[in-house]
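Source file: my_file.pdb. Holds: PDB, C-alpha atoms.
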ATOM      1  CA  MET A 222     135.129 121.571 139.910
ATOM      2  CA  THR A 223     131.949 121.041 141.971
ATOM      3  CA  ASP A 224     131.268 124.792 142.044
ATOM      4  CA  TYR A 225     131.833 125.032 138.263
ATOM      5  CA  ILE A 226     129.334 122.239 137.607
ATOM      6  CA  LYS A 227     126.759 123.919 139.857
ATOM      7  CA  LEU A 228     127.133 127.159 137.932
ATOM      8  CA  HIS A 229     127.370 125.808 134.378
ATOM      9  CA  GLY A 230     125.776 122.369 134.451
ATOM     10  CA  THR A 231     122.466 121.509 132.814
ATOM     11  CA  THR A 232     120.032 118.626 133.163
ATOM     12  CA  LEU A 233     119.754 116.215 130.245
ATOM     13  CA  GLU A 234     117.114 113.581 129.592
ATOM     14  CA  PHE A 235     117.516 110.429 127.505
ATOM     15  CA  PRO A 236     113.966 109.042 127.272
ATOM     16  CA  SER A 237     114.654 106.220 124.805
ATOM     17  CA  GLY A 238     117.214 103.553 124.065
ATOM     18  CA  ASP A 239     118.318 105.331 120.866
ATOM     19  CA  SER A 240     121.784 106.810 120.458
ATOM     20  CA  TRP A 241     122.152 110.262 121.973
ATOM     21  CA  VAL A 242     124.356 113.348 121.788
ATOM     22  CA  ILE A 243     125.135 116.033 124.345
ATOM     23  CA  LEU A 244     123.989 119.526 123.346
ATOM     24  CA  ASN A 245     123.740 122.797 125.228
ATOM     25  CA  PRO A 246     120.185 124.124 125.829
ATOM     26  CA  ILE A 247     120.206 126.424 122.769
ATOM     27  CA  GLU A 248     121.441 123.687 120.429
ATOM     28  CA  LYS A 249     118.999 121.219 121.951
ATOM     29  CA  GLY A 250     116.123 123.658 121.454
ATOM     30  CA  ILE A 251     116.926 124.187 117.779
ATOM     31  CA  LYS A 252     117.257 120.470 117.099
ATOM     32  CA  GLU A 253     113.982 119.680 118.858
ATOM     33  CA  LYS A 254     112.242 122.401 116.840
ATOM     34  CA  ILE A 255     113.518 120.853 113.599
ATOM     35  CA  GLU A 256     112.634 117.297 114.592
ATOM     36  CA  GLN A 257     109.121 118.172 115.790
ATOM     37  CA  VAL A 258     108.019 119.378 112.345
ATOM     38  CA  GLY A 259     109.812 116.624 110.435
ATOM     39  CA  ILE A 260     109.007 113.088 109.353
ATOM     40  CA  PRO A 261     111.661 110.333 109.670
ATOM     41  CA  LEU A 262     113.213 109.538 106.301
ATOM     42  CA  LYS A 263     112.206 105.881 106.682
ATOM     43  CA  ASP A 264     108.627 107.079 106.131
ATOM     44  CA  TRP A 265     109.433 109.086 102.994
ATOM     45  CA  ASP A 266     108.864 107.808  99.472
ATOM     46  CA  ILE A 267     112.579 107.347  98.856
ATOM     47  CA  SER A 268     114.971 104.424  98.499
ATOM     48  CA  ILE A 269     118.495 104.253  99.938
ATOM     49  CA  ASN A 270     120.787 101.631  98.432
ATOM     50  CA  TYR A 271     124.449 100.645  98.414
ATOM     51  CA  GLY A 272     126.685 101.132  95.399
ATOM     52  CA  ILE A 273     127.906  98.177  93.348
ATOM     53  CA  LYS A 274     129.693  95.279  95.031
ATOM     54  CA  THR A 275     131.576  93.414  92.315
ATOM     55  CA  GLY A 276     133.554  91.039  94.511
ATOM     56  CA  CYS A 277     136.631  91.837  92.395
ATOM     57  CA  ASN A 278     137.019  95.533  91.658
ATOM     58  CA  GLU A 279     140.401  95.044  89.989
ATOM     59  CA  ALA A 280     138.637  93.116  87.219
ATOM     60  CA  PHE A 281     135.309  94.904  86.935
ATOM     61  CA  ILE A 282     136.459  98.503  87.404
ATOM     62  CA  ILE A 283     138.672  99.620  84.537
ATOM     63  CA  ASP A 284     140.330 102.844  83.424
ATOM     64  CA  LYS A 285     139.570 104.873  80.313
ATOM     65  CA  GLN A 286     142.389 103.314  78.323
ATOM     66  CA  LYS A 287     141.017  99.791  78.847
ATOM     67  CA  ARG A 288     137.466 100.974  78.172
ATOM     68  CA  ASP A 289     138.473 102.538  74.867
ATOM     69  CA  GLU A 290     140.425  99.424  73.944
ATOM     70  CA  LEU A 291     137.425  97.144  74.540
ATOM     71  CA  ILE A 292     135.031  99.384  72.639
ATOM     72  CA  LYS A 293     137.440  99.599  69.719
ATOM     73  CA  LYS A 294     137.518  95.802  69.542
ATOM     74  CA  ASP A 295     133.731  95.512  69.823
ATOM     75  CA  LYS A 296     131.418  98.551  69.717
ATOM     76  CA  LYS A 297     128.720  96.590  71.531
ATOM     77  CA  SER A 298     130.903  96.680  74.653
ATOM     78  CA  VAL A 299     129.708 100.218  75.328
ATOM     79  CA  GLU A 300     126.337  98.770  76.386
ATOM     80  CA  ILE A 301     127.794  97.238  79.555
ATOM     81  CA  ILE A 302     130.660  99.616  80.374
ATOM     82  CA  ARG A 303     129.430 102.524  82.479
ATOM     83  CA  PRO A 304     131.172 105.447  84.227
ATOM     84  CA  ILE A 305     131.493 104.984  87.968
ATOM     85  CA  LEU A 306     132.134 107.266  90.929
ATOM     86  CA  ARG A 307     133.846 106.146  94.117
ATOM     87  CA  GLY A 308     133.349 107.434  97.647
ATOM     88  CA  ARG A 309     136.496 109.536  97.425
ATOM     89  CA  ASP A 310     135.198 111.227  94.242
ATOM     90  CA  ILE A 311     132.112 112.768  95.880
ATOM     91  CA  LYS A 312     132.275 116.427  96.890
ATOM     92  CA  ARG A 313     129.732 118.871  98.314
ATOM     93  CA  TYR A 314     127.470 119.674  95.356
ATOM     94  CA  GLY A 315     129.971 118.062  93.000
ATOM     95  CA  TYR A 316     132.356 115.272  92.107
ATOM     96  CA  GLU A 317     135.742 114.584  90.561
ATOM     97  CA  PHE A 318     135.500 111.973  87.829
ATOM     98  CA  ALA A 319     138.626 109.808  87.879
ATOM     99  CA  GLU A 320     137.801 108.209  84.495
ATOM    100  CA  GLN A 321     136.939 104.893  86.082
ATOM    101  CA  TYR A 322     134.415 102.568  84.429
ATOM    102  CA  LEU A 323     132.356  99.603  85.568
ATOM    103  CA  ILE A 324     131.769  96.409  83.626
ATOM    104  CA  ALA A 325     128.096  96.276  84.575
ATOM    105  CA  THR A 326     127.263  92.596  84.108
ATOM    106  CA  PHE A 327     124.600  92.425  86.807
ATOM    107  CA  PRO A 328     123.049  88.986  87.359
ATOM    108  CA  SER A 329     119.565  90.542  87.352
ATOM    109  CA  LYS A 330     120.070  91.556  83.696
ATOM    110  CA  LYS A 331     120.811  87.961  82.618
ATOM    111  CA  TYR A 332     123.451  88.913  80.042
ATOM    112  CA  ASN A 333     124.931  86.387  77.630
ATOM    113  CA  ILE A 334     128.636  87.192  77.842
ATOM    114  CA  ASP A 335     129.211  85.758  74.366
ATOM    115  CA  ASP A 336     127.289  88.763  73.019
ATOM    116  CA  TYR A 337     130.199  90.902  74.255
ATOM    117  CA  PRO A 338     133.312  89.073  73.021
ATOM    118  CA  ALA A 339     135.810  91.821  73.834
ATOM    119  CA  VAL A 340     134.653  92.036  77.451
ATOM    120  CA  ARG A 341     134.438  88.253  77.683
ATOM    121  CA  ASP A 342     138.007  87.789  76.477
ATOM    122  CA  TYR A 343     139.294  90.522  78.802
ATOM    123  CA  LEU A 344     137.693  88.843  81.824
ATOM    124  CA  ILE A 345     138.964  85.399  80.784
ATOM    125  CA  ASN A 346     142.487  86.786  80.443
ATOM    126  CA  PHE A 347     142.165  88.402  83.854
ATOM    127  CA  GLY A 348     141.550  84.967  85.304
ATOM    128  CA  LYS A 349     138.356  82.989  85.034
ATOM    129  CA  LYS A 350     139.158  80.966  88.162
ATOM    130  CA  LYS A 351     139.576  84.172  90.166
ATOM    131  CA  LEU A 352     136.165  85.356  88.996
ATOM    132  CA  GLU A 353     134.275  82.161  89.717
ATOM    133  CA  GLN A 354     131.772  82.658  92.527
ATOM    134  CA  SER A 355     132.444  79.321  94.170
ATOM    135  CA  GLY A 356     133.888  80.320  97.523
ATOM    136  CA  LYS A 357     136.978  78.240  96.796
ATOM    137  CA  PRO A 358     140.473  79.560  97.688
ATOM    138  CA  GLY A 359     141.477  82.287  95.231
ATOM    139  CA  ALA A 360     137.916  82.731  93.916
ATOM    140  CA  ARG A 361     135.100  85.083  94.867
ATOM    141  CA  LYS A 362     132.631  84.285  97.632
ATOM    142  CA  LYS A 363     130.068  81.614  96.894
ATOM    143  CA  THR A 364     126.900  82.783  95.120
ATOM    144  CA  ILE A 365     124.569  81.359  92.483
ATOM    145  CA  HIS A 366     125.876  83.833  89.916
ATOM    146  CA  LYS A 367     128.072  83.241  86.872
ATOM    147  CA  TRP A 368     131.804  83.899  86.676
ATOM    148  CA  PHE A 369     131.461  87.005  84.474
ATOM    149  CA  GLU A 370     128.723  88.599  86.597
ATOM    150  CA  THR A 371     129.076  91.052  89.464
ATOM    151  CA  GLN A 372     128.872  89.599  92.943
ATOM    152  CA  ASP A 373     125.520  91.119  93.906
ATOM    153  CA  THR A 374     122.302  90.813  91.916
ATOM    154  CA  ILE A 375     121.662  94.592  91.959
ATOM    155  CA  ASN A 376     117.900  94.403  91.336
ATOM    156  CA  TYR A 377     117.834  98.194  91.651
ATOM    157  CA  SER A 378     120.374  98.792  88.870
ATOM    158  CA  ASP A 379     117.885 100.974  86.964
ATOM    159  CA  ASP A 380     117.933 103.434  89.895
ATOM    160  CA  PHE A 381     121.426 104.500  88.861
ATOM    161  CA  SER A 382     119.924 106.012  85.700
ATOM    162  CA  LYS A 383     117.467 108.137  87.680
ATOM    163  CA  PRO A 384     118.150 111.549  89.253
ATOM    164  CA  LYS A 385     119.666 110.639  92.605
ATOM    165  CA  ILE A 386     121.765 111.691  95.550
ATOM    166  CA  ILE A 387     125.213 110.150  95.853
ATOM    167  CA  TYR A 388     127.151 110.294  99.113
ATOM    168  CA  PRO A 389     130.092 108.345 100.599
ATOM    169  CA  ASN A 390     129.378 105.716 103.229
ATOM    170  CA  MET A 391     132.193 107.016 105.446
ATOM    171  CA  THR A 392     133.433 110.592 105.415
ATOM    172  CA  LYS A 393     134.714 113.508 107.466
ATOM    173  CA  TYR A 394     133.021 116.052 105.251
ATOM    174  CA  LEU A 395     129.352 115.047 104.746
ATOM    175  CA  PRO A 396     129.271 115.765 100.984
ATOM    176  CA  PHE A 397     126.152 115.138  98.877
ATOM    177  CA  PHE A 398     125.905 115.344  95.085
ATOM    178  CA  TYR A 399     122.718 115.533  92.997
ATOM    179  CA  ASP A 400     123.454 113.267  90.040
ATOM    180  CA  THR A 401     121.540 113.666  86.771
ATOM    181  CA  TYR A 402     124.272 112.030  84.654
ATOM    182  CA  SER A 403     123.420 108.375  85.430
ATOM    183  CA  TYR A 404     126.696 107.552  87.154
ATOM    184  CA  PHE A 405     127.106 104.185  88.809
ATOM    185  CA  THR A 406     128.891 104.058  92.160
ATOM    186  CA  ASN A 407     131.076 101.572  93.975
ATOM    187  CA  GLN A 408     130.350 100.005  97.352
ATOM    188  CA  LYS A 409     131.869 102.996  99.137
ATOM    189  CA  CYS A 410     128.769 105.065  98.307
ATOM    190  CA  PHE A 411     125.041 105.116  98.926
ATOM    191  CA  ILE A 412     122.445 106.416  96.493
ATOM    192  CA  ILE A 413     119.046 107.933  97.288
ATOM    193  CA  THR A 414     116.261 107.932  94.704
ATOM    194  CA  GLY A 415     112.707 109.273  94.868
ATOM    195  CA  ASN A 416     110.677 112.411  94.226
ATOM    196  CA  TYR A 417     112.488 114.639  96.714
ATOM    197  CA  THR A 418     116.136 114.148  95.859
ATOM    198  CA  ALA A 419     116.903 117.719  94.742
ATOM    199  CA  PHE A 420     115.432 119.167  97.929
ATOM    200  CA  LEU A 421     117.136 116.563 100.104
ATOM    201  CA  THR A 422     120.480 117.307  98.439
ATOM    202  CA  ALA A 423     120.087 120.923  99.515
ATOM    203  CA  PHE A 424     118.987 119.930 103.017
ATOM    204  CA  PHE A 425     121.824 117.445 103.568
ATOM    205  CA  ASN A 426     124.405 119.968 102.337
ATOM    206  CA  SER A 427     122.917 122.738 104.464
ATOM    207  CA  SER A 428     124.342 124.266 107.614
ATOM    208  CA  LEU A 429     121.117 123.316 109.394
ATOM    209  CA  PHE A 430     121.647 119.608 108.698
ATOM    210  CA  LYS A 431     125.244 119.689 109.892
ATOM    211  CA  PHE A 432     124.334 121.694 112.995
ATOM    212  CA  CYS A 433     121.467 119.415 114.031
ATOM    213  CA  PHE A 434     122.349 115.976 112.738
ATOM    214  CA  ARG A 435     126.088 115.552 112.234
ATOM    215  CA  ASP A 436     126.390 113.872 115.619
ATOM    216  CA  ASN A 437     123.594 111.426 114.764
ATOM    217  CA  PHE A 438     126.180 109.571 112.716
ATOM    218  CA  PRO A 439     128.781 107.598 114.720
ATOM    219  CA  GLU A 440     132.265 109.057 114.742
ATOM    220  CA  LEU A 441     134.959 106.558 113.836
ATOM    221  CA  GLN A 442     138.741 106.788 114.023
ATOM    222  CA  GLY A 443     140.175 110.013 112.636
ATOM    223  CA  GLY A 444     136.917 111.959 112.799
ATOM    224  CA  THR A 445     135.252 109.951 110.028
ATOM    225  CA  ARG A 446     131.466 109.591 110.214
ATOM    226  CA  GLU A 447     129.524 106.464 109.261
ATOM    227  CA  LEU A 448     126.592 107.488 107.055
ATOM    228  CA  SER A 449     124.786 104.142 106.926
ATOM    229  CA  LYS A 450     121.118 103.864 106.000
ATOM    230  CA  VAL A 451     120.100 102.859 109.531
ATOM    231  CA  PHE A 452     121.140 106.301 110.802
ATOM    232  CA  PHE A 453     119.553 108.218 107.922
ATOM    233  CA  ASP A 454     116.235 106.448 108.471
ATOM    234  CA  LYS A 455     115.861 108.216 111.835
ATOM    235  CA  ILE A 456     116.555 111.744 110.550
ATOM    236  CA  ALA A 457     113.314 113.776 110.663
ATOM    237  CA  VAL A 458     112.946 116.204 107.741
ATOM    238  CA  LEU A 459     110.169 118.655 106.893
ATOM    239  CA  GLN A 460     108.209 117.313 103.931
ATOM    240  CA  VAL A 461     107.651 119.771 101.100
ATOM    241  CA  ASN A 462     105.382 120.045  98.083
ATOM    242  CA  CYS A 463     106.281 119.695  94.401
ATOM    243  CA  GLU A 464     106.566 123.445  93.902
ATOM    244  CA  ILE A 465     109.188 123.772  96.635
ATOM    245  CA  VAL A 466     111.059 120.729  95.312
ATOM    246  CA  LYS A 467     111.185 122.419  91.906
ATOM    247  CA  GLN A 468     112.578 125.625  93.423
ATOM    248  CA  PHE A 469     115.356 123.724  95.158
ATOM    249  CA  GLU A 470     116.070 121.651  92.056
ATOM    250  CA  GLU A 471     116.700 124.809  90.031
ATOM    251  CA  LYS A 472     119.011 126.208  92.710
ATOM    252  CA  VAL A 473     120.937 122.960  93.162
ATOM    253  CA  ILE A 474     121.449 122.395  89.437
ATOM    254  CA  GLN A 475     122.579 126.020  89.016
ATOM    255  CA  LEU A 476     125.007 125.721  91.935
ATOM    256  CA  GLN A 477     126.454 122.426  90.715
ATOM    257  CA  SER A 478     126.910 123.869  87.236
ATOM    258  CA  LEU A 479     128.971 126.697  88.733
ATOM    259  CA  LYS A 480     131.004 124.136  90.700
ATOM    260  CA  GLU A 481     131.825 122.264  87.490
ATOM    261  CA  LYS A 482     133.151 125.520  86.052
ATOM    262  CA  LYS A 483     135.297 126.078  89.168
ATOM    263  CA  ILE A 484     133.351 129.225  90.052
ATOM    264  CA  ASN A 485     133.045 130.257  93.711
ATOM    265  CA  THR A 486     129.616 129.221  94.997
ATOM    266  CA  ILE A 487     129.613 130.508  98.586
ATOM    267  CA  GLU A 488     126.874 133.074  97.898
ATOM    268  CA  LYS A 489     124.668 130.427  96.281
ATOM    269  CA  GLU A 490     125.258 128.020  99.167
ATOM    270  CA  ILE A 491     124.296 130.721 101.693
ATOM    271  CA  GLU A 492     121.211 131.484  99.586
ATOM    272  CA  ILE A 493     120.135 127.830  99.811
ATOM    273  CA  ASP A 494     120.880 127.838 103.553
ATOM    274  CA  ASN A 495     118.520 130.796 103.936
ATOM    275  CA  MET A 496     115.833 129.020 101.910
ATOM    276  CA  ILE A 497     116.092 126.105 104.339
ATOM    277  CA  PHE A 498     115.962 128.475 107.335
ATOM    278  CA  ASP A 499     112.838 130.109 105.871
ATOM    279  CA  LEU A 500     111.121 126.751 105.406
ATOM    280  CA  TYR A 501     111.648 125.956 109.073
ATOM    281  CA  GLN A 502     110.687 129.511 110.116
ATOM    282  CA  LEU A 503     113.821 129.903 112.212
ATOM    283  CA  THR A 504     114.274 133.026 114.299
ATOM    284  CA  ASP A 505     117.124 135.472 113.750
ATOM    285  CA  ASN A 506     118.771 134.125 116.914
ATOM    286  CA  ASP A 507     118.511 130.551 115.624
ATOM    287  CA  ARG A 508     120.083 131.580 112.323
ATOM    288  CA  LYS A 509     122.930 133.393 114.046
ATOM    289  CA  LYS A 510     123.598 130.421 116.299
ATOM    290  CA  ILE A 511     123.772 128.026 113.327
ATOM    291  CA  GLY A 512     125.729 130.358 111.037
ATOM    292  CA  PHE A 513     127.272 129.079 107.808
ATOM    293  CA  ILE A 514     128.933 125.702 108.314
ATOM    294  CA  LYS A 515     131.275 124.790 105.495
ATOM    295  CA  ILE A 516     132.720 121.300 105.632
ATOM    296  CA  HIS A 517     134.592 120.170 102.507
TER     297      HIS A 517
END

How does this structure look as structure tokens?
Amino acid sequence: MTDYIKLHGTTLEFPSGDSWVILNPIEKGIKEKIEQVGIPLKDWDISINYGIKTGCNEAFIIDKQKRDELIKKDKKSVEIIRPILRGRDIKRYGYEFAEQYLIATFPSKKYNIDDYPAVRDYLINFGKKKLEQSGKPGARKKTIHKWFETQDTINYSDDFSKPKIIYPNMTKYLPFFYDTYSYFTNQKCFIITGNYTAFLTAFFNSSLFKFCFRDNFPELQGGTRELSKVFFDKIAVLQVNCEIVKQFEEKVIQLQSLKEKKINTIEKEIEIDNMIFDLYQLTDNDRKKIGFIKIH
């Protein structure tokens, strides 16, 4: 064993108190090259936020049948019933809509529930005492909010209507979806908004990102990775101009459209990988070492 280590060992340095990963010299060289030209995401003009925490999903997240029933009783209900994606619904460059809907009574919107009688009556029948935010046994945790409102204020609720990245908070597969359909998400997702979301969708889905940064996210039981904001903030990414963002936006939207039609997109994904490689001016050897990493 001692002789093997002498022949194959390498010296590693850990200059800071940050989390670290063990890489061979070639992998380490590529990652350092990427990080040296990048800017940590915490310094980008983007926002990363959690999905909706209702405090009682069984009441506030309903299926299509219940949604249609409430809208039939009162057409105004459609104003506060919105389609929602869950962590398990997010795929690489896509999603699977499970026909789940959110009763979006955010405290920040200051709704009068009597303006929505069908939704009001549904929630009352579900159990008003269960929905009270009093912290009492059988009720939701104590807040200042009203019984018919979601648990969290959600001051950033308007961000869900903007073009955004959606990704699960815990996953084996590192999938990212560029959403232009104004989906809401549950607490098992994060959303990213800002001027660079199309480009960042391509970068996060790229082989380069997985090769360099997958191990920056803690591995939990069963190979699941924790994709919390605190870990994303430290990822250094090359900043690009509006023209490049537009190029990536066109490619991402085209690719996702093909995904929706169940058309094979491998060639398009490799094309985007190569666009990322070109941006970072990677050598042929670097590109061969990274290859095409497909994690679904």

When you look at region 458-475 of chain A with a cut-off of 8 Å (counting all atoms listed in the file), what residues show up, excluding the ones that are within fewer than 4 positions of it in the same chain? I need them as a PyMOL selection string.
chain A and resi 255-256+258-262+314+399+417+419-420+422-423+479+489+493+501

Would you pick out the contacts of region 400-409 of chain A at 6 Å or less, using only C-alpha atoms, so that residues sharing its chain but fewer than 4 positions from it are not included, and give the list as a PDB file with C-alpha atoms, keeping the file's coordinate frame?
ATOM      1  CA  GLY A 272     126.685 101.132  95.399  1.00  0.00           C
ATOM      2  CA  ILE A 273     127.906  98.177  93.348  1.00  0.00           C
ATOM      3  CA  LYS A 274     129.693  95.279  95.031  1.00  0.00           C
ATOM      4  CA  PRO A 304     131.172 105.447  84.227  1.00  0.00           C
ATOM      5  CA  ILE A 305     131.493 104.984  87.968  1.00  0.00           C
ATOM      6  CA  LEU A 306     132.134 107.266  90.929  1.00  0.00           C
ATOM      7  CA  ARG A 307     133.846 106.146  94.117  1.00  0.00           C
ATOM      8  CA  GLY A 308     133.349 107.434  97.647  1.00  0.00           C
ATOM      9  CA  PHE A 381     121.426 104.500  88.861  1.00  0.00           C
ATOM     10  CA  SER A 382     119.924 106.012  85.700  1.00  0.00           C
ATOM     11  CA  PRO A 384     118.150 111.549  89.253  1.00  0.00           C
ATOM     12  CA  LYS A 385     119.666 110.639  92.605  1.00  0.00           C
ATOM     13  CA  ILE A 386     121.765 111.691  95.550  1.00  0.00           C
ATOM     14  CA  PRO A 389     130.092 108.345 100.599  1.00  0.00           C
ATOM     15  CA  ASN A 390     129.378 105.716 103.229  1.00  0.00           C
TER      16      ASN A 390
END

Which residues, written as a PyMOL selection string, have at least one atom at most 12 Å from Arg288 (chain A), with all atoms listed in the file counted and residues fewer than 5 positions away on the same chain left out?
chain A and resi 281-283+293-304+320-324+339-340+343

Evaluated on this file, the PyMOL selection byres ((chain A and resi 438-445) around 12) picks out some residues - which ones are they, written as an MDAnalysis selection string?
chainID A and resid 240:242 389:395 430:431 433:437 446:456

Given all atoms listed in the file as the basis, pick out the residue of A:Ile267, A:Thr374, A:Glu490, A:Asp507 nearest to Ile412 (chain A).
A:Ile267

Of the listed residues A:Ile375, A:Ile247, A:Leu476, A:Ala360, that which approaches Lys331 (chain A) most closely, counting all atoms listed in the file
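Going through A:Ile375, A:Ile247, A:Leu476, A:Ala360 one by one, the smallest distance to Lys331 (chain A) is for A:Ile375.
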
Quick check on the file I pasted: which residues fall under the PyMOL selection byres ((chain A and resi 511) around 9)? Write them as a list of chain:residue names.
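So the PyMOL selection byres ((chain A and resi 511) around 9) ends up selecting A:Glu248, A:Ser428, A:Leu429, A:Phe432, A:Cys433, A:Asn506, A:Asp507, A:Arg508, A:Lys509, A:Lys510, A:Gly512, A:Phe513, A:Ile514.
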
Which residues would end up in the selection if the PyMOL selection byres ((chain A and resi 312) around 9) were applied here, given that I need the answer as a list in words?
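On the file shown, the PyMOL selection byres ((chain A and resi 312) around 9) covers Arg309, Asp310, Ile311, Arg313, Tyr314, Gly315, Tyr316, Glu317, Tyr388, Tyr394, Leu395, Pro396, Phe397, Phe398 and His517 of chain A.
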
Kindly list the centre and edge lengths in Å, rounded to one decimal, for the axis-aligned box that covers all listed atoms of region 412-420 of chain A plus 3 Å on each of its six sides, as AutoDock Vina command-line options.
--center_x 116.6 --center_y 112.8 --center_z 96.1 --size_x 17.8 --size_y 18.8 --size_z 9.7

Counting only C-alpha atoms, select every polymer residue within 8 Å of (111.6, 107.2, 99.9) as defined in the file's coordinates, and provide the selection as a ChimeraX atom specification.
/A:262-269,413-416

Rounded to one decimal place, report the CA of Lys515 (chain A)-CA of Asn426 (chain A) distance in Å.
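One can read the CA of Lys515 (chain A) to CA of Asn426 (chain A) distance as 9.0 Å.
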
Just the number, please: distance in Å from CA of Ala280 (chain A) to CA of Phe347 (chain A), one decimal.
6.8 Å

Compare A:Phe425, A:Tyr377, A:Tyr271, A:Phe369 by their minimum atom-to-atom distance to Asp335 (chain A), counting only C-alpha atoms, and give me the closest one.
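Among the listed residues, the smallest separation from Asp335 (chain A) belongs to A:Phe369.
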
Take CA of Glu492 (chain A) and CA of Gln477 (chain A) and report the distance between them in Å, one decimal.
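These two atoms are separated by 13.7 Å.
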